[in-house]
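Report on the following structure.
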2 protein chains.
Amino acid sequence: MAEEHEKGQEIGAANPARPGHATMNTIATHLGVSRATVSHVLNGRSAEQRIRPETQSRVLDVARELGYRPNALARSVRSGKSRMIGYLVSDPRYEPYWNTIIGALDEAEQEGFTLKVLSVTPGTFAERIRQCMELRLGGLIVRINQDKSTLFAEANRVGIPVVTVDESVPQSFGVRVNAADALGCREAVSHLVELGHRRIGFISSGFGRQPLEIVPTREGLFLQEMATRGLDVPDGCVTRETMLVYGRRAKAGHDTATGLAATDALLEHPAGRPTAIFCWRDEAALVAIQACHRRGLRVPGDISVVGFSDISAAWLCDPPLTTCQSPWEEMGRTAVRQLVNAVEGEFDPSPREILIPSGLVVRQSSGPAPT
Amino acid sequence: MAEEHEKGQEIGAANPARPGHATMNTIATHLGVSRATVSHVLNGRSAEQRIRPETQSRVLDVARELGYRPNALARSVRSGKSRMIGYLVSDPRYEPYWNTIIGALDEAEQEGFTLKVLSVTPGTFAERIRQCMELRLGGLIVRINQDKSTLFAEANRVGIPVVTVDESVPQSFGVRVNAADALGCREAVSHLVELGHRRIGFISSGFGRQPLEIVPTREGLFLQEMATRGLDVPDGCVTRETMLVYGRRAKAGHDTATGLAATDALLEHPAGRPTAIFCWRDEAALVAIQACHRRGLRVPGDISVVGFSDISAAWLCDPPLTTCQSPWEEMGRTAVRQLVNAVEGEFDPSPREILIPSGLVVRQSSGPAPT
DNA sequence: CTGAAAGCGCTTACAG
DNA sequence: CTGAAAGCGCTTACAG
């Protein structure tokens with residue numbers, strides 16, 4: 001048995017120095033049958049091919065002995081189909097985005113697909129597109145901070161389905177999966193209003209108007225909710241921050257200065273200090289809490305703070321943060337499901353948006369408005 | 001031009017319904033030359049093959065027009081080499097592990113490799129091993145919570161290099177990349193002692209003794225540092241927590257109860273409250289701060305708290321956490337570099353450990369011992 | 001019941 | 001200067 005094993009490995013080894021994988025040829029020559037027979041047996045076509053039971057078991061036994069594994073790459077070349085999905089992402093360090101990737105990874109694995117993450121910067125975008133094409137990926141998930149038209153053009157040309165995640169700008173190609181921020185925003189404002197808050201400040205993003213425009217959207221939703229309730233948002237009650245939070249060791253450092261300044265501006269507002277601050281993301285909310293503490297303000301006793309995303313820091317901090325829980329993992333799962341359907345069935349490239357529900361998680365950073 | 005484009009696509013398309021990729025055959029028939037010539041030109045072997053300059057430019061032009069992309073899978077099949085690295089991980093939701101993946105991803109992309117993340121649970125381990133083999137990955141990075149011997153056996157048999165990350169149990173196969181926790185631990189204890197602390201409690205992990213054993217190690221290092229300085233650690237000054245922190249929505253929820261209890265036990269220690277608490281990970285430290293606040297203790301005024309890892313919450317919380325900054329990204333980079341060397345040169349499977357330096361980051365959760 | 005043959009896309013000696 | 005041929009590992013009609 002051990003000798004056969006050795007022998008099989010030698011036959012199959014391209015490079016005698018390395019052990020190498022056994023191939024169908026290894027098994028076939030080892031047994032004196034053809035590769036076709038081996039292929040039929042190993043792929044469960046013994047029945048329709050009426051392979052002799054004895055041959056079947058001989059093939060299966062040797063395959064097991066040699067630790068045969070089919071070469072997925074060769075299969076892909078042959079079939080022209082790929083069960084590999086690419087995930088192009090600009091900010092893999094940002095917790096919400098890797099949560100999305102995790103969701104996608106999980107769903108892909110359930111479906112028998114594998115996921116390939118490719119990080120993108122303006123300088124490497126063309127190179128990444130090239131890699132996607134060369135790897136003959138079966139589908140692409142995209143969350144990128146820049147113009148995607150070159151990618152769309154090429155994917156469209158060769159027929160690769162594309163799904164974007166968390167990109168709110170309508171595009172002429174592919175499916176968009178997004179969070180239903182409107183729901184979370186409405187719940188958050190309702191929550192604060194029910195607690196008696198009327199003067200509510202908003203800390204928005206100071207980043208340029210990216211194609212993404214997630215920022216204006218959340219800010220806009222907030223203003224809309226306030227207007228619906230007849231609540232005034234005076235000039236200066238929306239401020240902006242630009243700190244970089246992409247990972248523990250982002251190049252620009254953990255600069256909380258703009259977040260602190262944005263909060264200070266709200267706290268010193270001439271029309272009077274707001275009793276609550278709603279923030280476009282959790283990081284801003286947590287820094288806002290730091291700013292309040294520095295002034296001796298208690299959260300939520302003196303002022304309530306609400307965030308957006310529900311990052312892990314939101315429940316590890318003190319007080320734990322009330323926040324809109326965006327459905328990041330589910331967004332990733334949904335994106336994969338779309339692509340799996342596209343790969344396995346017909347690809348429908350008609351542009352459409354899929355919204356995943358979100359909701360408010362009430363913790364201890366929000367409380368009754370002080371009287 | 002446009003017509004040629006159309007024509008080329010039709011020739012190259014396996015399925016006429018889908019556009020599909022152009023192949024070397026598409027180009028060759030389009031030009032009336034052989035595939036070999038196309039291959040030579042496209043791979044920069046025009047010189048040694050002395051391809052006529054005119055032919056060269058015709059090939060290059062048509063390749064550009066048709067948007068030709070070489071099929072990386074077919075290349076891999078042909079060469080038997082793969083520039084794809086697999087990353088097997090049990091807890092991709094855990095921020096430190098995710099950071100390690102990011103570092104690996106970044107380094108792999110710099111080296112012209114791609115990374116494939118595969119998440120592993122006890123129930124899917126065998127399936128994941130199978131996928132790694134079928135995809136003919138060129139190397140494997142491993143961070144798994146269970147016995148890895150079946151993986152090692154198979155990788156060894158077919159000659160795939162394996163590097164483990166953050167696995168401190170010596171193994172008979174492959175390279176281990178680890179953080180030099182000893183450095184961080186020494187700096188942390190020195191820092192506290194210099195601030196006048198003598199009674200220091202430790203919150204350790206209550207998880208079973210996994211093969212990983214990162215926990216006993218950190219606890220052991222702490223005890224050793226204390227002993228070196230002649231400082232006593234009475235019974236009960238090391239407590240344990242088991243909260244699950246793998247992601248925002250881990251199935252078991254964000255249960256901070258064991259962390260709070262571990263802290264309470266220290267604060268009520270019969271030999272007197274410690275003036276500082278050192279924790280085996282940041283999450284425990286942040287929950288410890290919550291527990292202190294609940295008792296009206298000020299951090300760091302009444303008690304200092306130091307963590308381990310430097311997760312993002314460590315600098316978003318208030319007070320920002322003093323912590324040992326483990327070099328997660330660098331560990332990922334190092335692992336990839338080992339594998340790249342293995343793929344490109346000779347594979348040296350001799351077991352060895354590579355330690356990446358770590359250090360203390362002093363923030364505001366530690367201060368002078370109260371008198 | 002099984003095998004010879006053609007082919008997926010690519011590469012590499014080897015002729016001429 | 002270029003092409004015919006063999007081959008990587010796999011699959012699929014098609015003979016017999």
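Numbering starts fresh at 1 for the residues of each chain in the structure tokens, the chains themselves are lettered A, B, ... in the order given, and ligands are numbered from 1 as they appear.
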
Excluding same-chain residues fewer than 3 positions from DG7 (chain D), what lies within 10 Å of it counting only C-alpha atoms (C1' of nucleotides), as a list in words? Arg78 of chain B; DT11 and DT12 of chain C

Would you save the residues of that selection, restricted to N, CA, C and O atoms (P, O5', C5', C4', C3', O3' and C1' of nucleotides), as a compact mmCIF listing (two decimals), in the first residue's frame?
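Contents of result.txt, as written:
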# COMPACT_ATOMS: atom_id res chain seq x y z
N ARG B 78 -1.02 25.31 -16.86
CA ARG B 78 0.15 25.01 -17.69
C ARG B 78 1.42 24.94 -16.83
O ARG B 78 2.20 24.00 -16.90
P DT C 11 0.89 32.16 -21.91
O5' DT C 11 1.77 30.84 -22.07
C5' DT C 11 2.09 30.08 -20.92
C4' DT C 11 3.02 28.95 -21.32
C3' DT C 11 4.35 29.40 -21.93
O3' DT C 11 5.36 28.75 -21.18
C1' DT C 11 3.33 27.75 -23.29
P DT C 12 6.84 29.24 -21.21
O5' DT C 12 7.59 28.04 -21.92
C5' DT C 12 7.19 26.72 -21.62
C4' DT C 12 7.79 25.79 -22.65
C3' DT C 12 9.10 26.28 -23.27
O3' DT C 12 9.94 25.15 -23.41
C1' DT C 12 7.55 25.82 -24.96

Do you know which residues are at most 12 Å from region 46-48 of chain B counting only C-alpha atoms (C1' of nucleotides), after dropping those on the same chain fewer than 2 positions away, and could you put them as a PDB file with all heavy atoms, in the first residue's frame?
ATOM      1  N   ALA B  36       1.308  30.479 -31.307  1.00  0.00           N
ATOM      2  CA  ALA B  36       2.654  30.579 -30.744  1.00  0.00           C
ATOM      3  C   ALA B  36       3.209  31.982 -30.935  1.00  0.00           C
ATOM      4  O   ALA B  36       3.752  32.590 -30.008  1.00  0.00           O
ATOM      5  CB  ALA B  36       3.569  29.555 -31.397  1.00  0.00           C
ATOM      6  N   THR B  37       3.018  32.496 -32.126  1.00  0.00           N
ATOM      7  CA  THR B  37       3.515  33.844 -32.406  1.00  0.00           C
ATOM      8  C   THR B  37       2.856  34.855 -31.471  1.00  0.00           C
ATOM      9  O   THR B  37       3.519  35.708 -30.876  1.00  0.00           O
ATOM     10  CB  THR B  37       3.222  34.223 -33.869  1.00  0.00           C
ATOM     11  OG1 THR B  37       3.831  33.238 -34.713  1.00  0.00           O
ATOM     12  CG2 THR B  37       3.770  35.595 -34.189  1.00  0.00           C
ATOM     13  N   VAL B  38       1.562  34.739 -31.345  1.00  0.00           N
ATOM     14  CA  VAL B  38       0.835  35.649 -30.457  1.00  0.00           C
ATOM     15  C   VAL B  38       1.398  35.544 -29.037  1.00  0.00           C
ATOM     16  O   VAL B  38       1.671  36.551 -28.383  1.00  0.00           O
ATOM     17  CB  VAL B  38      -0.673  35.322 -30.451  1.00  0.00           C
ATOM     18  CG1 VAL B  38      -1.391  36.168 -29.426  1.00  0.00           C
ATOM     19  CG2 VAL B  38      -1.257  35.524 -31.832  1.00  0.00           C
ATOM     20  N   SER B  39       1.577  34.321 -28.595  1.00  0.00           N
ATOM     21  CA  SER B  39       2.105  34.107 -27.250  1.00  0.00           C
ATOM     22  C   SER B  39       3.467  34.765 -27.084  1.00  0.00           C
ATOM     23  O   SER B  39       3.725  35.454 -26.102  1.00  0.00           O
ATOM     24  CB  SER B  39       2.193  32.604 -26.955  1.00  0.00           C
ATOM     25  OG  SER B  39       2.861  32.376 -25.741  1.00  0.00           O
ATOM     26  N   HIS B  40       4.340  34.566 -28.064  1.00  0.00           N
ATOM     27  CA  HIS B  40       5.677  35.151 -27.991  1.00  0.00           C
ATOM     28  C   HIS B  40       5.623  36.669 -27.878  1.00  0.00           C
ATOM     29  O   HIS B  40       6.262  37.259 -27.019  1.00  0.00           O
ATOM     30  CB  HIS B  40       6.496  34.750 -29.214  1.00  0.00           C
ATOM     31  CG  HIS B  40       6.870  33.301 -29.212  1.00  0.00           C
ATOM     32  ND1 HIS B  40       6.862  32.522 -30.354  1.00  0.00           N
ATOM     33  CD2 HIS B  40       7.250  32.476 -28.225  1.00  0.00           C
ATOM     34  CE1 HIS B  40       7.229  31.297 -30.060  1.00  0.00           C
ATOM     35  NE2 HIS B  40       7.460  31.232 -28.759  1.00  0.00           N
ATOM     36  N   VAL B  41       4.830  37.262 -28.750  1.00  0.00           N
ATOM     37  CA  VAL B  41       4.743  38.727 -28.735  1.00  0.00           C
ATOM     38  C   VAL B  41       4.187  39.213 -27.399  1.00  0.00           C
ATOM     39  O   VAL B  41       4.763  40.083 -26.747  1.00  0.00           O
ATOM     40  CB  VAL B  41       3.834  39.234 -29.882  1.00  0.00           C
ATOM     41  CG1 VAL B  41       3.596  40.737 -29.737  1.00  0.00           C
ATOM     42  CG2 VAL B  41       4.448  38.908 -31.225  1.00  0.00           C
ATOM     43  N   LEU B  42       3.075  38.618 -26.981  1.00  0.00           N
ATOM     44  CA  LEU B  42       2.390  39.097 -25.784  1.00  0.00           C
ATOM     45  C   LEU B  42       3.201  38.869 -24.518  1.00  0.00           C
ATOM     46  O   LEU B  42       2.971  39.524 -23.502  1.00  0.00           O
ATOM     47  CB  LEU B  42       1.028  38.403 -25.667  1.00  0.00           C
ATOM     48  CG  LEU B  42      -0.208  39.205 -26.087  1.00  0.00           C
ATOM     49  CD1 LEU B  42       0.106  40.270 -27.106  1.00  0.00           C
ATOM     50  CD2 LEU B  42      -1.281  38.266 -26.573  1.00  0.00           C
ATOM     51  N   ASN B  43       4.155  37.957 -24.572  1.00  0.00           N
ATOM     52  CA  ASN B  43       4.949  37.706 -23.374  1.00  0.00           C
ATOM     53  C   ASN B  43       6.359  38.261 -23.475  1.00  0.00           C
ATOM     54  O   ASN B  43       7.265  37.831 -22.763  1.00  0.00           O
ATOM     55  CB  ASN B  43       4.983  36.207 -23.075  1.00  0.00           C
ATOM     56  CG  ASN B  43       3.631  35.702 -22.636  1.00  0.00           C
ATOM     57  OD1 ASN B  43       3.066  36.186 -21.661  1.00  0.00           O
ATOM     58  ND2 ASN B  43       3.089  34.755 -23.380  1.00  0.00           N
ATOM     59  N   GLY B  44       6.540  39.207 -24.397  1.00  0.00           N
ATOM     60  CA  GLY B  44       7.821  39.903 -24.472  1.00  0.00           C
ATOM     61  C   GLY B  44       8.963  39.017 -24.923  1.00  0.00           C
ATOM     62  O   GLY B  44      10.109  39.265 -24.568  1.00  0.00           O
ATOM     63  N   ARG B  50      12.850  36.697 -32.458  1.00  0.00           N
ATOM     64  CA  ARG B  50      13.020  37.558 -33.644  1.00  0.00           C
ATOM     65  C   ARG B  50      11.730  37.673 -34.464  1.00  0.00           C
ATOM     66  O   ARG B  50      11.676  37.348 -35.647  1.00  0.00           O
ATOM     67  CB  ARG B  50      14.177  37.037 -34.500  1.00  0.00           C
ATOM     68  CG  ARG B  50      15.516  37.454 -33.902  1.00  0.00           C
ATOM     69  CD  ARG B  50      16.658  36.956 -34.735  1.00  0.00           C
ATOM     70  NE  ARG B  50      16.836  35.521 -34.588  1.00  0.00           N
ATOM     71  CZ  ARG B  50      17.850  34.833 -35.098  1.00  0.00           C
ATOM     72  NH1 ARG B  50      18.772  35.433 -35.803  1.00  0.00           N
ATOM     73  NH2 ARG B  50      17.951  33.535 -34.905  1.00  0.00           N
ATOM     74  N   ILE B  51      10.666  38.082 -33.792  1.00  0.00           N
ATOM     75  CA  ILE B  51       9.395  38.322 -34.477  1.00  0.00           C
ATOM     76  C   ILE B  51       9.509  39.620 -35.275  1.00  0.00           C
ATOM     77  O   ILE B  51      10.037  40.612 -34.769  1.00  0.00           O
ATOM     78  CB  ILE B  51       8.237  38.465 -33.450  1.00  0.00           C
ATOM     79  CG1 ILE B  51       8.187  37.269 -32.503  1.00  0.00           C
ATOM     80  CG2 ILE B  51       6.908  38.651 -34.168  1.00  0.00           C
ATOM     81  CD1 ILE B  51       7.634  36.015 -33.068  1.00  0.00           C
ATOM     82  N   ARG B  52       8.997  39.629 -36.482  1.00  0.00           N
ATOM     83  CA  ARG B  52       9.065  40.828 -37.311  1.00  0.00           C
ATOM     84  C   ARG B  52       8.328  41.970 -36.611  1.00  0.00           C
ATOM     85  O   ARG B  52       7.212  41.764 -36.098  1.00  0.00           O
ATOM     86  CB  ARG B  52       8.393  40.553 -38.658  1.00  0.00           C
ATOM     87  CG  ARG B  52       8.980  41.340 -39.817  1.00  0.00           C
ATOM     88  CD  ARG B  52       8.118  41.202 -41.040  1.00  0.00           C
ATOM     89  NE  ARG B  52       7.831  39.804 -41.333  1.00  0.00           N
ATOM     90  CZ  ARG B  52       6.884  39.406 -42.171  1.00  0.00           C
ATOM     91  NH1 ARG B  52       6.110  40.305 -42.775  1.00  0.00           N
ATOM     92  NH2 ARG B  52       6.665  38.139 -42.394  1.00  0.00           N
ATOM     93  N   PRO B  53       8.940  43.140 -36.576  1.00  0.00           N
ATOM     94  CA  PRO B  53       8.336  44.288 -35.870  1.00  0.00           C
ATOM     95  C   PRO B  53       6.905  44.540 -36.328  1.00  0.00           C
ATOM     96  O   PRO B  53       6.037  44.863 -35.508  1.00  0.00           O
ATOM     97  CB  PRO B  53       9.243  45.459 -36.262  1.00  0.00           C
ATOM     98  CG  PRO B  53      10.553  44.824 -36.585  1.00  0.00           C
ATOM     99  CD  PRO B  53      10.255  43.468 -37.152  1.00  0.00           C
ATOM    100  N   GLU B  54       6.663  44.369 -37.601  1.00  0.00           N
ATOM    101  CA  GLU B  54       5.320  44.631 -38.114  1.00  0.00           C
ATOM    102  C   GLU B  54       4.320  43.650 -37.479  1.00  0.00           C
ATOM    103  O   GLU B  54       3.234  44.029 -37.056  1.00  0.00           O
ATOM    104  CB  GLU B  54       5.335  44.471 -39.633  1.00  0.00           C
ATOM    105  CG  GLU B  54       4.099  45.027 -40.314  1.00  0.00           C
ATOM    106  CD  GLU B  54       3.731  44.149 -41.499  1.00  0.00           C
ATOM    107  OE1 GLU B  54       4.645  43.775 -42.264  1.00  0.00           O
ATOM    108  OE2 GLU B  54       2.534  43.807 -41.632  1.00  0.00           O
ATOM    109  N   THR B  55       4.719  42.386 -37.421  1.00  0.00           N
ATOM    110  CA  THR B  55       3.850  41.389 -36.798  1.00  0.00           C
ATOM    111  C   THR B  55       3.593  41.750 -35.336  1.00  0.00           C
ATOM    112  O   THR B  55       2.463  41.659 -34.848  1.00  0.00           O
ATOM    113  CB  THR B  55       4.499  39.999 -36.869  1.00  0.00           C
ATOM    114  OG1 THR B  55       4.912  39.743 -38.205  1.00  0.00           O
ATOM    115  CG2 THR B  55       3.536  38.925 -36.412  1.00  0.00           C
ATOM    116  N   GLN B  56       4.659  42.140 -34.672  1.00  0.00           N
ATOM    117  CA  GLN B  56       4.518  42.534 -33.270  1.00  0.00           C
ATOM    118  C   GLN B  56       3.415  43.561 -33.087  1.00  0.00           C
ATOM    119  O   GLN B  56       2.502  43.393 -32.285  1.00  0.00           O
ATOM    120  CB  GLN B  56       5.829  43.147 -32.752  1.00  0.00           C
ATOM    121  CG  GLN B  56       6.951  42.165 -32.530  1.00  0.00           C
ATOM    122  CD  GLN B  56       8.172  42.871 -31.977  1.00  0.00           C
ATOM    123  OE1 GLN B  56       8.043  43.741 -31.124  1.00  0.00           O
ATOM    124  NE2 GLN B  56       9.338  42.493 -32.455  1.00  0.00           N
ATOM    125  N   SER B  57       3.520  44.644 -33.861  1.00  0.00           N
ATOM    126  CA  SER B  57       2.573  45.730 -33.634  1.00  0.00           C
ATOM    127  C   SER B  57       1.163  45.308 -34.048  1.00  0.00           C
ATOM    128  O   SER B  57       0.189  45.712 -33.415  1.00  0.00           O
ATOM    129  CB  SER B  57       3.008  47.000 -34.371  1.00  0.00           C
ATOM    130  OG  SER B  57       3.338  46.695 -35.704  1.00  0.00           O
ATOM    131  N   VAL B  59      -0.087  42.331 -33.724  1.00  0.00           N
ATOM    132  CA  VAL B  59      -0.593  41.528 -32.603  1.00  0.00           C
ATOM    133  C   VAL B  59      -1.012  42.430 -31.442  1.00  0.00           C
ATOM    134  O   VAL B  59      -2.110  42.298 -30.886  1.00  0.00           O
ATOM    135  CB  VAL B  59       0.469  40.516 -32.128  1.00  0.00           C
ATOM    136  CG1 VAL B  59       0.064  39.892 -30.801  1.00  0.00           C
ATOM    137  CG2 VAL B  59       0.690  39.444 -33.183  1.00  0.00           C
ATOM    138  N   LEU B  60      -0.113  43.342 -31.094  1.00  0.00           N
ATOM    139  CA  LEU B  60      -0.401  44.210 -29.949  1.00  0.00           C
ATOM    140  C   LEU B  60      -1.645  45.058 -30.208  1.00  0.00           C
ATOM    141  O   LEU B  60      -2.474  45.253 -29.309  1.00  0.00           O
ATOM    142  CB  LEU B  60       0.812  45.099 -29.657  1.00  0.00           C
ATOM    143  CG  LEU B  60       2.031  44.342 -29.129  1.00  0.00           C
ATOM    144  CD1 LEU B  60       3.246  45.254 -29.028  1.00  0.00           C
ATOM    145  CD2 LEU B  60       1.728  43.720 -27.764  1.00  0.00           C
TER     146      LEU B  60
ATOM    147  P    DC D   1      13.716  39.780 -39.424  1.00  0.00           P
ATOM    148  OP1  DC D   1      12.798  40.843 -39.764  1.00  0.00           O
ATOM    149  OP2  DC D   1      14.604  39.835 -38.304  1.00  0.00           O
ATOM    150  O5'  DC D   1      12.872  38.469 -39.337  1.00  0.00           O
ATOM    151  C5'  DC D   1      11.525  38.556 -38.823  1.00  0.00           C
ATOM    152  C4'  DC D   1      10.901  37.246 -39.149  1.00  0.00           C
ATOM    153  O4'  DC D   1      11.853  36.214 -38.870  1.00  0.00           O
ATOM    154  C3'  DC D   1       9.696  36.889 -38.292  1.00  0.00           C
ATOM    155  O3'  DC D   1       8.535  37.097 -39.091  1.00  0.00           O
ATOM    156  C2'  DC D   1       9.873  35.412 -37.951  1.00  0.00           C
ATOM    157  C1'  DC D   1      11.133  35.021 -38.681  1.00  0.00           C
ATOM    158  N1   DC D   1      12.019  34.086 -37.948  1.00  0.00           N
ATOM    159  C2   DC D   1      11.866  32.725 -38.151  1.00  0.00           C
ATOM    160  O2   DC D   1      10.991  32.331 -38.944  1.00  0.00           O
ATOM    161  N3   DC D   1      12.673  31.848 -37.503  1.00  0.00           N
ATOM    162  C4   DC D   1      13.610  32.315 -36.673  1.00  0.00           C
ATOM    163  N4   DC D   1      14.386  31.424 -36.043  1.00  0.00           N
ATOM    164  C5   DC D   1      13.783  33.704 -36.437  1.00  0.00           C
ATOM    165  C6   DC D   1      12.978  34.557 -37.094  1.00  0.00           C
ATOM    166  P    DT D   2       7.158  37.130 -38.490  1.00  0.00           P
ATOM    167  OP1  DT D   2       6.238  37.771 -39.451  1.00  0.00           O
ATOM    168  OP2  DT D   2       7.278  37.637 -37.120  1.00  0.00           O
ATOM    169  O5'  DT D   2       6.784  35.586 -38.434  1.00  0.00           O
ATOM    170  C5'  DT D   2       6.571  34.901 -39.659  1.00  0.00           C
ATOM    171  C4'  DT D   2       6.347  33.448 -39.370  1.00  0.00           C
ATOM    172  O4'  DT D   2       7.496  32.904 -38.699  1.00  0.00           O
ATOM    173  C3'  DT D   2       5.173  33.147 -38.452  1.00  0.00           C
ATOM    174  O3'  DT D   2       4.147  32.585 -39.261  1.00  0.00           O
ATOM    175  C2'  DT D   2       5.706  32.154 -37.421  1.00  0.00           C
ATOM    176  C1'  DT D   2       7.064  31.777 -37.984  1.00  0.00           C
ATOM    177  N1   DT D   2       8.117  31.458 -36.990  1.00  0.00           N
ATOM    178  C2   DT D   2       8.571  30.178 -36.912  1.00  0.00           C
ATOM    179  O2   DT D   2       8.137  29.277 -37.606  1.00  0.00           O
ATOM    180  N3   DT D   2       9.560  29.980 -35.985  1.00  0.00           N
ATOM    181  C4   DT D   2      10.125  30.934 -35.143  1.00  0.00           C
ATOM    182  O4   DT D   2      11.005  30.638 -34.352  1.00  0.00           O
ATOM    183  C5   DT D   2       9.607  32.266 -35.276  1.00  0.00           C
ATOM    184  C7   DT D   2      10.138  33.368 -34.439  1.00  0.00           C
ATOM    185  C6   DT D   2       8.624  32.478 -36.188  1.00  0.00           C
TER     186       DT D   2
END

I'd like to know which residues of region 267-362 of chain B are strand (DSSP E or B) (by DSSP, run on the backbone); could you write them as a VMD selection string? chain B and resid 276 to 279 304 to 308 322 to 325 352 to 356 359 to 361

Neighbours of Thr150 (chain B) within 12 Å (only C-alpha atoms (C1' of nucleotides); same-chain residues fewer than 5 positions away dropped), as a PyMOL selection string? chain B and resi 125-130+155-157+173

From a DSSP calculation on the backbone, collect every residue of region 46-228 of chain A in helix (DSSP H, G or I) and output the set as a PyMOL selection string. chain A and resi 46-49+53-66+72-79+95-110+125-134+149-158+181-194+214-228

With 10 Å as the limit and counting only C-alpha atoms (C1' of nucleotides), what residues in chain A lie close to chain D? Please list them as an mmCIF file with N, CA, C and O atoms, in the first residue's frame.
data_model
loop_
_atom_site.group_PDB
_atom_site.id
_atom_site.type_symbol
_atom_site.label_atom_id
_atom_site.label_comp_id
_atom_site.auth_asym_id
_atom_site.auth_seq_id
_atom_site.Cartn_x
_atom_site.Cartn_y
_atom_site.Cartn_z
ATOM 1 N N ALA A 14 5.314 16.507 -11.492
ATOM 2 C CA ALA A 14 5.975 17.199 -12.590
ATOM 3 C C ALA A 14 7.430 17.452 -12.193
ATOM 4 O O ALA A 14 8.360 17.176 -12.935
ATOM 5 N N THR A 23 -3.005 13.433 -10.401
ATOM 6 C CA THR A 23 -3.955 13.870 -11.412
ATOM 7 C C THR A 23 -4.762 12.665 -11.885
ATOM 8 O O THR A 23 -4.498 11.531 -11.492
ATOM 9 N N MET A 24 -5.718 12.930 -12.753
ATOM 10 C CA MET A 24 -6.501 11.822 -13.302
ATOM 11 C C MET A 24 -5.583 10.880 -14.080
ATOM 12 O O MET A 24 -5.800 9.669 -14.112
ATOM 13 N N ASN A 25 -4.580 11.451 -14.695
ATOM 14 C CA ASN A 25 -3.622 10.642 -15.420
ATOM 15 C C ASN A 25 -2.891 9.688 -14.476
ATOM 16 O O ASN A 25 -2.675 8.527 -14.799
ATOM 17 N N ARG A 35 -8.266 8.011 -19.000
ATOM 18 C CA ARG A 35 -8.632 9.168 -18.182
ATOM 19 C C ARG A 35 -10.139 9.388 -18.194
ATOM 20 O O ARG A 35 -10.729 9.821 -17.226
ATOM 21 N N ALA A 36 -10.747 9.093 -19.336
ATOM 22 C CA ALA A 36 -12.192 9.300 -19.456
ATOM 23 C C ALA A 36 -12.936 8.479 -18.408
ATOM 24 O O ALA A 36 -13.843 8.975 -17.734
ATOM 25 N N SER A 39 -12.544 10.012 -15.080
ATOM 26 C CA SER A 39 -13.379 11.208 -14.991
ATOM 27 C C SER A 39 -14.842 10.835 -14.746
ATOM 28 O O SER A 39 -15.496 11.404 -13.874
ATOM 29 N N HIS A 40 -15.316 9.858 -15.491
ATOM 30 C CA HIS A 40 -16.708 9.439 -15.317
ATOM 31 C C HIS A 40 -16.983 8.957 -13.901
ATOM 32 O O HIS A 40 -17.954 9.374 -13.269
ATOM 33 N N PRO A 70 -9.382 17.072 -7.499
ATOM 34 C CA PRO A 70 -9.544 17.627 -8.845
ATOM 35 C C PRO A 70 -8.964 19.035 -8.911
ATOM 36 O O PRO A 70 -9.008 19.770 -7.919
ATOM 37 N N ASN A 71 -8.431 19.398 -10.029
ATOM 38 C CA ASN A 71 -7.854 20.723 -10.207
ATOM 39 C C ASN A 71 -8.950 21.700 -10.637
ATOM 40 O O ASN A 71 -9.407 21.689 -11.774
ATOM 41 N N ALA A 72 -9.341 22.549 -9.677
ATOM 42 C CA ALA A 72 -10.452 23.474 -9.944
ATOM 43 C C ALA A 72 -10.113 24.449 -11.064
ATOM 44 O O ALA A 72 -11.002 24.895 -11.792
ATOM 45 N N LEU A 73 -8.842 24.768 -11.186
ATOM 46 C CA LEU A 73 -8.442 25.719 -12.230
ATOM 47 C C LEU A 73 -8.648 25.098 -13.614
ATOM 48 O O LEU A 73 -9.210 25.720 -14.514
ATOM 49 N N ALA A 74 -8.188 23.856 -13.762
ATOM 50 C CA ALA A 74 -8.345 23.168 -15.048
ATOM 51 C C ALA A 74 -9.825 23.040 -15.393
ATOM 52 O O ALA A 74 -10.237 23.241 -16.535
ATOM 53 N N ARG A 75 -10.607 22.736 -14.381
ATOM 54 C CA ARG A 75 -12.045 22.631 -14.590
ATOM 55 C C ARG A 75 -12.625 23.935 -15.104
ATOM 56 O O ARG A 75 -13.454 23.958 -16.005
ATOM 57 N N SER A 76 -12.171 25.022 -14.472
ATOM 58 C CA SER A 76 -12.669 26.332 -14.861
ATOM 59 C C SER A 76 -12.278 26.652 -16.300
ATOM 60 O O SER A 76 -13.080 27.183 -17.064
ATOM 61 N N VAL A 77 -11.049 26.319 -16.648
ATOM 62 C CA VAL A 77 -10.586 26.573 -18.009
ATOM 63 C C VAL A 77 -11.477 25.817 -18.989
ATOM 64 O O VAL A 77 -11.930 26.354 -19.993
ATOM 65 N N ARG A 78 -11.704 24.582 -18.648
ATOM 66 C CA ARG A 78 -12.507 23.728 -19.517
ATOM 67 C C ARG A 78 -13.938 24.252 -19.679
ATOM 68 O O ARG A 78 -14.460 24.414 -20.780
ATOM 69 N N SER A 79 -14.570 24.525 -18.540
ATOM 70 C CA SER A 79 -15.992 24.857 -18.570
ATOM 71 C C SER A 79 -16.238 26.322 -18.924
ATOM 72 O O SER A 79 -17.319 26.683 -19.347
#

Considering only C-alpha atoms, state which residue in the set A:Gly201, A:Gly196, A:Pro327, A:Pro234 is at the smallest distance from Pro368 (chain A). A:Gly196
